[in-house]
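Data file: start.cif. Format and content: mmCIF, C-alpha atoms and all ligand atoms.
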```cif
data_protein
loop_
_atom_site.label_atom_id
_atom_site.label_comp_id
_atom_site.auth_asym_id
_atom_site.auth_seq_id
_atom_site.Cartn_x
_atom_site.Cartn_y
_atom_site.Cartn_z
CA MET A 1 4.66 -18.45 -8.49
CA ARG A 2 3.86 -15.17 -6.73
CA GLN A 3 0.16 -15.92 -7.14
CA ASP A 4 0.59 -19.40 -5.59
CA LYS A 5 2.33 -17.83 -2.63
CA ALA A 6 -0.43 -15.26 -2.23
CA ASP A 7 -3.13 -17.96 -2.32
CA LYS A 8 -1.32 -19.99 0.33
CA VAL A 9 -0.69 -16.94 2.54
CA ALA A 10 -4.39 -16.03 2.37
CA LYS A 11 -5.40 -19.56 3.40
CA ILE A 12 -2.99 -19.69 6.34
CA LEU A 13 -4.03 -16.26 7.60
CA ALA A 14 -7.72 -17.08 7.27
CA ARG A 15 -7.15 -20.21 9.34
CA LEU A 16 -5.16 -18.33 12.01
CA TYR A 17 -7.42 -15.28 12.19
CA PRO A 18 -10.85 -16.29 10.85
CA ASP A 19 -12.64 -13.18 12.05
CA PRO A 20 -10.06 -10.49 12.79
CA PRO A 21 -11.44 -7.81 15.13
CA ILE A 22 -10.84 -4.09 14.60
CA PRO A 23 -8.12 -3.30 17.13
CA LEU A 24 -8.97 0.37 17.73
CA GLN A 25 -11.83 0.98 20.13
CA HIS A 26 -14.56 3.21 18.72
CA ASP A 27 -18.33 3.50 18.71
CA SER A 28 -18.97 5.60 15.61
CA THR A 29 -17.39 6.50 12.29
CA PHE A 30 -16.11 9.73 13.78
CA THR A 31 -14.44 8.07 16.76
CA LEU A 32 -12.91 5.47 14.42
CA LEU A 33 -11.50 8.22 12.21
CA ILE A 34 -9.93 9.94 15.23
CA ALA A 35 -8.52 6.66 16.58
CA VAL A 36 -6.98 5.76 13.21
CA LEU A 37 -5.47 9.22 12.88
CA LEU A 38 -3.96 8.84 16.36
CA SER A 39 -2.49 5.42 15.52
CA ALA A 40 0.16 6.81 13.15
CA GLN A 41 3.53 6.14 14.78
CA THR A 42 1.72 5.01 17.93
CA THR A 43 0.67 1.53 19.03
CA ASP A 44 -3.01 0.61 18.98
CA ALA A 45 -2.74 -0.20 22.69
CA ARG A 46 -1.57 3.35 23.41
CA VAL A 47 -4.38 4.81 21.30
CA ASN A 48 -6.93 2.69 23.17
CA LEU A 49 -5.57 4.09 26.42
CA VAL A 50 -6.03 7.74 25.46
CA THR A 51 -9.24 7.69 23.44
CA PRO A 52 -11.66 7.07 26.35
CA GLY A 53 -10.52 10.34 27.98
CA LEU A 54 -10.65 12.25 24.71
CA PHE A 55 -14.07 10.92 23.71
CA LYS A 56 -15.41 11.71 27.16
CA ARG A 57 -14.68 15.33 26.32
CA ALA A 58 -16.03 15.09 22.79
CA ARG A 59 -17.30 12.12 20.82
CA THR A 60 -18.82 14.01 17.88
CA ALA A 61 -17.33 16.33 15.30
CA ALA A 62 -19.50 19.20 16.60
CA LYS A 63 -18.20 18.83 20.16
CA MET A 64 -14.59 18.25 19.10
CA ALA A 65 -14.67 21.36 16.91
CA GLN A 66 -15.40 23.43 20.01
CA LEU A 67 -12.40 22.20 22.01
CA GLU A 68 -9.15 24.13 22.17
CA VAL A 69 -6.17 22.38 20.59
CA ALA A 70 -4.51 22.46 24.04
CA GLU A 71 -7.42 20.52 25.57
CA ILE A 72 -7.10 17.81 22.91
CA LEU A 73 -3.33 17.75 23.33
CA GLU A 74 -3.70 17.23 27.06
CA GLN A 75 -5.65 14.03 26.38
CA ILE A 76 -3.39 12.59 23.68
CA ARG A 77 -0.01 13.80 24.95
CA THR A 78 1.48 10.30 25.21
CA CYS A 79 0.90 9.53 21.51
CA GLY A 80 3.63 10.12 18.93
CA LEU A 81 3.37 13.46 17.07
CA ALA A 82 0.78 14.62 19.62
CA PRO A 83 0.89 18.41 18.93
CA LYS A 84 0.39 17.90 15.19
CA LYS A 85 -2.38 15.37 15.76
CA ALA A 86 -4.20 17.59 18.28
CA LYS A 87 -4.34 20.43 15.76
CA ALA A 88 -5.39 18.08 12.95
CA ILE A 89 -8.22 16.65 15.10
CA ARG A 90 -9.59 20.09 15.95
CA ASP A 91 -9.23 21.37 12.37
CA LEU A 92 -10.74 18.31 10.72
CA SER A 93 -13.67 18.42 13.14
CA ARG A 94 -14.36 22.00 12.09
CA ILE A 95 -14.23 20.99 8.42
CA LEU A 96 -16.63 18.11 9.07
CA VAL A 97 -19.06 20.53 10.69
CA GLU A 98 -18.71 23.22 8.04
CA LYS A 99 -18.53 21.11 4.90
CA HIS A 100 -19.97 17.68 5.62
CA GLY A 101 -22.92 18.24 7.95
CA SER A 102 -20.84 16.93 10.88
CA GLN A 103 -20.55 13.55 9.17
CA VAL A 104 -17.42 11.68 8.07
CA PRO A 105 -17.42 11.60 4.26
CA ALA A 106 -17.73 8.11 2.78
CA HIS A 107 -15.32 8.72 -0.08
CA PHE A 108 -11.54 8.80 -0.45
CA GLU A 109 -11.49 12.29 -1.90
CA GLY A 110 -13.28 13.87 1.06
CA LEU A 111 -11.32 11.88 3.64
CA GLU A 112 -7.90 12.54 2.14
CA ALA A 113 -8.66 16.27 2.00
CA LEU A 114 -8.94 16.34 5.82
CA PRO A 115 -5.93 17.48 7.86
CA GLY A 116 -3.92 14.57 9.27
CA VAL A 117 -5.67 12.03 7.02
CA GLY A 118 -3.50 10.36 4.41
CA HIS A 119 -4.32 7.53 2.04
CA LYS A 120 -3.65 4.82 4.62
CA THR A 121 -5.92 6.39 7.25
CA ALA A 122 -8.61 6.99 4.64
CA SER A 123 -8.33 3.35 3.50
CA VAL A 124 -8.82 2.05 7.05
CA VAL A 125 -11.92 4.21 7.51
CA MET A 126 -13.34 3.23 4.11
CA ALA A 127 -12.80 -0.45 4.93
CA GLN A 128 -13.79 -0.57 8.58
CA ALA A 129 -16.52 2.08 8.76
CA PHE A 130 -18.04 1.89 5.29
CA GLY A 131 -17.25 -1.69 4.28
CA VAL A 132 -15.61 -0.57 1.03
CA ALA A 133 -12.83 -2.86 -0.17
CA ALA A 134 -9.49 -1.21 0.55
CA PHE A 135 -6.00 -2.46 1.33
CA PRO A 136 -4.37 -0.09 3.79
CA VAL A 137 -0.62 -0.72 3.68
CA ASP A 138 1.51 0.53 6.55
CA THR A 139 5.24 -0.03 7.04
CA HIS A 140 4.61 -3.41 8.72
CA ILE A 141 2.55 -4.79 5.85
CA HIS A 142 5.02 -3.28 3.38
CA ARG A 143 7.88 -5.11 5.10
CA LEU A 144 6.08 -8.45 5.31
CA ALA A 145 4.96 -8.30 1.67
CA ALA A 146 8.63 -7.91 0.73
CA ARG A 147 9.78 -10.71 3.07
CA TRP A 148 7.18 -13.07 1.63
CA GLY A 149 8.10 -12.18 -1.94
CA LEU A 150 4.66 -10.75 -2.72
CA SER A 151 5.94 -7.33 -3.72
CA THR A 152 9.18 -5.68 -4.66
CA GLY A 153 7.60 -2.27 -4.17
CA LYS A 154 9.97 0.42 -2.97
CA ASN A 155 7.13 2.27 -1.27
CA VAL A 156 3.76 1.54 0.33
CA GLU A 157 1.87 2.77 -2.76
CA LYS A 158 3.52 0.18 -5.01
CA THR A 159 3.10 -2.56 -2.40
CA GLU A 160 -0.60 -1.71 -2.11
CA ALA A 161 -0.99 -1.97 -5.90
CA ASP A 162 0.83 -5.34 -5.95
CA LEU A 163 -1.24 -6.79 -3.11
CA LYS A 164 -4.48 -5.64 -4.70
CA LYS A 165 -3.55 -7.54 -7.85
CA LEU A 166 -2.67 -10.73 -5.97
CA PHE A 167 -5.63 -11.01 -3.61
CA PRO A 168 -9.34 -10.99 -4.50
CA GLU A 169 -11.10 -7.81 -3.49
CA ARG A 170 -13.44 -9.58 -1.06
CA LEU A 171 -10.40 -10.54 1.07
CA TRP A 172 -8.69 -7.14 1.23
CA ASN A 173 -10.29 -5.75 4.38
CA ASP A 174 -9.66 -8.89 6.42
CA LEU A 175 -6.18 -9.44 4.99
CA HIS A 176 -5.05 -6.01 6.09
CA LEU A 177 -5.92 -6.95 9.68
CA GLN A 178 -4.74 -10.56 9.42
CA ILE A 179 -1.28 -9.53 8.21
CA ILE A 180 -1.04 -6.99 11.04
CA TYR A 181 -2.04 -9.60 13.63
CA PHE A 182 0.38 -12.15 12.20
CA GLY A 183 3.21 -9.62 12.20
CA ARG A 184 2.53 -8.59 15.78
CA GLU A 185 2.36 -12.11 17.02
CA HIS A 186 5.18 -13.70 15.06
CA CYS A 187 7.54 -11.24 13.43
CA PRO A 188 10.30 -9.94 15.65
CA ALA A 189 12.28 -6.97 14.43
CA ARG A 190 15.53 -8.89 14.87
CA GLY A 191 16.88 -11.99 13.16
CA HIS A 192 15.22 -15.31 13.90
CA ASP A 193 14.71 -18.85 12.60
CA LEU A 194 12.74 -18.73 9.36
CA SER A 195 12.41 -22.51 9.21
CA THR A 196 9.98 -22.61 12.13
CA CYS A 197 7.68 -19.92 10.77
CA LYS A 198 4.27 -20.80 9.31
CA ILE A 199 4.86 -18.49 6.37
CA CYS A 200 8.52 -17.59 5.88
CA SER A 201 9.54 -21.28 6.10
CA TRP A 202 8.25 -21.66 2.53
CA ALA A 203 7.62 -18.11 1.31
CA ALA A 204 10.76 -16.18 2.28
CA THR A 205 12.68 -14.78 -0.66
CA ALA A 206 16.14 -16.24 -1.34
CA LYS A 207 17.61 -12.83 -0.51
CA ARG A 208 15.93 -12.85 2.89
CA VAL A 209 17.12 -16.39 3.66
CA ARG A 210 20.70 -15.31 2.85
CA GLU A 211 20.37 -12.20 5.01
CA GLU A 212 19.08 -14.12 8.03
CA ALA A 213 21.82 -16.77 7.59
CA SER A 214 24.52 -14.12 7.47
CA LYS A 215 23.09 -12.40 10.56
CA LYS A 216 23.26 -15.72 12.40
CA GLY A 217 26.80 -16.33 11.18
CA GLY A 218 27.73 -12.84 12.35
CA ALA A 219 26.18 -13.46 15.76
CA ARG A 220 28.21 -16.67 16.20
CA ARG A 221 31.54 -15.07 15.26
S1 LIG A 301 10.02 -15.79 9.56
FE1 LIG A 301 9.85 -14.05 10.81
S2 LIG A 301 9.48 -12.36 9.45
FE2 LIG A 301 9.02 -14.14 8.32
S3 LIG A 301 6.82 -14.28 8.61
FE3 LIG A 301 7.86 -15.61 10.09
S4 LIG A 301 7.98 -14.42 11.89
FE4 LIG A 301 7.54 -13.03 10.21
#
```
With the file now loaded, output its structure as structure tokens.
Amino acid sequence: MRQDKADKVAKILARLYPDPPIPLQHDSTFTLLIAVLLSAQTTDARVNLVTPGLFKRARTAAKMAQLEVAEILEQIRTCGLAPKKAKAIRDLSRILVEKHGSQVPAHFEGLEALPGVGHKTASVVMAQAFGVAAFPVDTHIHRLAARWGLSTGKNVEKTEADLKKLFPERLWNDLHLQIIYFGREHCPARGHDLSTCKICSWAATAKRVREEASKKGGARR
């Protein structure tokens, strides 16, 4: 049942987004890493607004390592958690220079050891820079996987494990992006009509259908 749903979801998403582009502007593995780090709790659009200024100052680990944290902060100030991210960017650049020959490591262990880089950020870099199959799960994908009945995971780690079991590895990298694009385009935060949706109209869990119906009932009262 869950597998049938997953197969159908994959087909619909592939039809809607046959070749999903990487939403964060970058021109190297290093600039991708920095953009992904900046995207935590910040929209991709906001990240794409600040990165040109930042990368004008420094587009390599060696150059970034020489900047003061305050100079980085000045460029990324409008992103969420900017002070923490500015320090992480400077510190990770120094580590790349000192330990990795100024290159971004192409393995989870090395990436996740960098300041400001968690499993989700590392997964995006592994998938989009190195072409390694990964399934980065953020809160949006976590929420949609639950709404579609593909996972009952209480956290992103469990949802990632569930999704990896349901979808063939060759689809993971695209699916991560396709689900994000679908969510952005179709999924409002507030209650709405599930029956008109290309996915929830048939995939929504019974619990979700009841919740939406009661929200509507509440709105009418
Ligand atoms: S019904 Fe709403 S939440 Fe469910 S997939 Fe469609 S748009 Fe997203």
| task | Collect all residues with atoms no farther than 6 Å from ligand LIG 301 (chain A), counting all atoms listed in the file, and output them as a VMD selection string. | result | chain A and resid 183 186 to 187 194 197 199 to 200
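Closest approach to Thr42 of chain A from the set A:Val132, A:Val117, A:Ala82, A:Leu92 is made by A:Ala82, with distances taken over only C-alpha atoms.
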At a cut-off of 12 Å, using only C-alpha atoms, what residues contact segment 2-16 of chain A? Leave out same-chain residues fewer than 4 positions from it and give the result as a PDB file with C-alpha atoms, in the frame of the given file.
```pdb
ATOM      1  CA  PRO A  20     -10.060 -10.490  12.790  1.00  0.00           C
ATOM      2  CA  LEU A 144       6.080  -8.450   5.310  1.00  0.00           C
ATOM      3  CA  ALA A 145       4.960  -8.300   1.670  1.00  0.00           C
ATOM      4  CA  ALA A 146       8.630  -7.910   0.730  1.00  0.00           C
ATOM      5  CA  ARG A 147       9.780 -10.710   3.070  1.00  0.00           C
ATOM      6  CA  TRP A 148       7.180 -13.070   1.630  1.00  0.00           C
ATOM      7  CA  GLY A 149       8.100 -12.180  -1.940  1.00  0.00           C
ATOM      8  CA  LEU A 150       4.660 -10.750  -2.720  1.00  0.00           C
ATOM      9  CA  SER A 151       5.940  -7.330  -3.720  1.00  0.00           C
ATOM     10  CA  THR A 152       9.180  -5.680  -4.660  1.00  0.00           C
ATOM     11  CA  ASP A 162       0.830  -5.340  -5.950  1.00  0.00           C
ATOM     12  CA  LEU A 163      -1.240  -6.790  -3.110  1.00  0.00           C
ATOM     13  CA  LYS A 164      -4.480  -5.640  -4.700  1.00  0.00           C
ATOM     14  CA  LYS A 165      -3.550  -7.540  -7.850  1.00  0.00           C
ATOM     15  CA  LEU A 166      -2.670 -10.730  -5.970  1.00  0.00           C
ATOM     16  CA  PHE A 167      -5.630 -11.010  -3.610  1.00  0.00           C
ATOM     17  CA  PRO A 168      -9.340 -10.990  -4.500  1.00  0.00           C
ATOM     18  CA  ARG A 170     -13.440  -9.580  -1.060  1.00  0.00           C
ATOM     19  CA  LEU A 171     -10.400 -10.540   1.070  1.00  0.00           C
ATOM     20  CA  TRP A 172      -8.690  -7.140   1.230  1.00  0.00           C
ATOM     21  CA  ASN A 173     -10.290  -5.750   4.380  1.00  0.00           C
ATOM     22  CA  ASP A 174      -9.660  -8.890   6.420  1.00  0.00           C
ATOM     23  CA  LEU A 175      -6.180  -9.440   4.990  1.00  0.00           C
ATOM     24  CA  HIS A 176      -5.050  -6.010   6.090  1.00  0.00           C
ATOM     25  CA  LEU A 177      -5.920  -6.950   9.680  1.00  0.00           C
ATOM     26  CA  GLN A 178      -4.740 -10.560   9.420  1.00  0.00           C
ATOM     27  CA  ILE A 179      -1.280  -9.530   8.210  1.00  0.00           C
ATOM     28  CA  ILE A 180      -1.040  -6.990  11.040  1.00  0.00           C
ATOM     29  CA  TYR A 181      -2.040  -9.600  13.630  1.00  0.00           C
ATOM     30  CA  PHE A 182       0.380 -12.150  12.200  1.00  0.00           C
ATOM     31  CA  GLY A 183       3.210  -9.620  12.200  1.00  0.00           C
ATOM     32  CA  GLU A 185       2.360 -12.110  17.020  1.00  0.00           C
ATOM     33  CA  HIS A 186       5.180 -13.700  15.060  1.00  0.00           C
ATOM     34  CA  CYS A 197       7.680 -19.920  10.770  1.00  0.00           C
ATOM     35  CA  LYS A 198       4.270 -20.800   9.310  1.00  0.00           C
ATOM     36  CA  ILE A 199       4.860 -18.490   6.370  1.00  0.00           C
ATOM     37  CA  CYS A 200       8.520 -17.590   5.880  1.00  0.00           C
ATOM     38  CA  SER A 201       9.540 -21.280   6.100  1.00  0.00           C
ATOM     39  CA  TRP A 202       8.250 -21.660   2.530  1.00  0.00           C
ATOM     40  CA  ALA A 203       7.620 -18.110   1.310  1.00  0.00           C
ATOM     41  CA  ALA A 204      10.760 -16.180   2.280  1.00  0.00           C
ATOM     42  CA  THR A 205      12.680 -14.780  -0.660  1.00  0.00           C
TER      43      THR A 205
END
```
What are the centre and the three edge lengths of an axis-aligned box that wraps all atoms of segment 31-48 of chain A in the file, given that 6 Å is added to every side, written as lines of an AutoDock Vina configuration file and rounded to one decimal in Å?
```
center_x = -5.5
center_y = 4.9
center_z = 17.8
size_x = 30.0
size_y = 22.1
size_z = 23.2
```
| Polymer residues at most 12 Å from Thr78 of chain A, all atoms listed in the file, same-chain spacing of 6 or more positions, as a PyMOL selection string | chain A and resi 38-39+41-43+45-51+72+85-86
Those selected residues, please, written with C-alpha atoms and delivered as a PDB file, keeping the file's coordinate frame.
```pdb
ATOM      1  CA  LEU A  38      -3.960   8.840  16.360  1.00  0.00           C
ATOM      2  CA  SER A  39      -2.490   5.420  15.520  1.00  0.00           C
ATOM      3  CA  GLN A  41       3.530   6.140  14.780  1.00  0.00           C
ATOM      4  CA  THR A  42       1.720   5.010  17.930  1.00  0.00           C
ATOM      5  CA  THR A  43       0.670   1.530  19.030  1.00  0.00           C
ATOM      6  CA  ALA A  45      -2.740  -0.200  22.690  1.00  0.00           C
ATOM      7  CA  ARG A  46      -1.570   3.350  23.410  1.00  0.00           C
ATOM      8  CA  VAL A  47      -4.380   4.810  21.300  1.00  0.00           C
ATOM      9  CA  ASN A  48      -6.930   2.690  23.170  1.00  0.00           C
ATOM     10  CA  LEU A  49      -5.570   4.090  26.420  1.00  0.00           C
ATOM     11  CA  VAL A  50      -6.030   7.740  25.460  1.00  0.00           C
ATOM     12  CA  THR A  51      -9.240   7.690  23.440  1.00  0.00           C
ATOM     13  CA  ILE A  72      -7.100  17.810  22.910  1.00  0.00           C
ATOM     14  CA  LYS A  85      -2.380  15.370  15.760  1.00  0.00           C
ATOM     15  CA  ALA A  86      -4.200  17.590  18.280  1.00  0.00           C
TER      16      ALA A  86
END
```
| query | What is the distance between atom CA of Gly101 of chain A and atom CA of Thr31 of chain A, in Å to one decimal? | reply | 15.9 Å
| d(atom CA of Ala122 of chain A, atom CA of Glu169 of chain A) in Å | 17.1 Å
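Candidate residues A:Gly191, A:Ala58, A:Leu37, A:Lys120 were compared for distance to Cys79 of chain A, and the nearest is A:Leu37, using all atoms listed in the file.
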| query | Hey, can you pull every residue with an atom no more than 7 Å from (-17.3, 6.2, 6.7), using all atoms listed in the file, and send it as a count of residues only? | reply | 8
| note | Computed gap from atom CA of Glu109 of chain A to atom CA of Ile34 of chain A is 17.4 Å
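In terms of minimum interatomic distance to Arg77 of chain A, A:Leu54 ranks closest within A:Glu211, A:Leu96, A:Ser123, A:Leu54, counting all atoms listed in the file.
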| Neighbour list for Lys99 of chain A as a count of residues only, cut-off 12 Å, all atoms listed in the file, skip fewer than 3 positions in-chain | 16
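Minimum atom-to-atom distance to Ile76 of chain A, evaluated using all atoms listed in the file, belongs to A:Phe55 out of A:Phe30, A:Tyr17, A:Phe55, A:Phe135.
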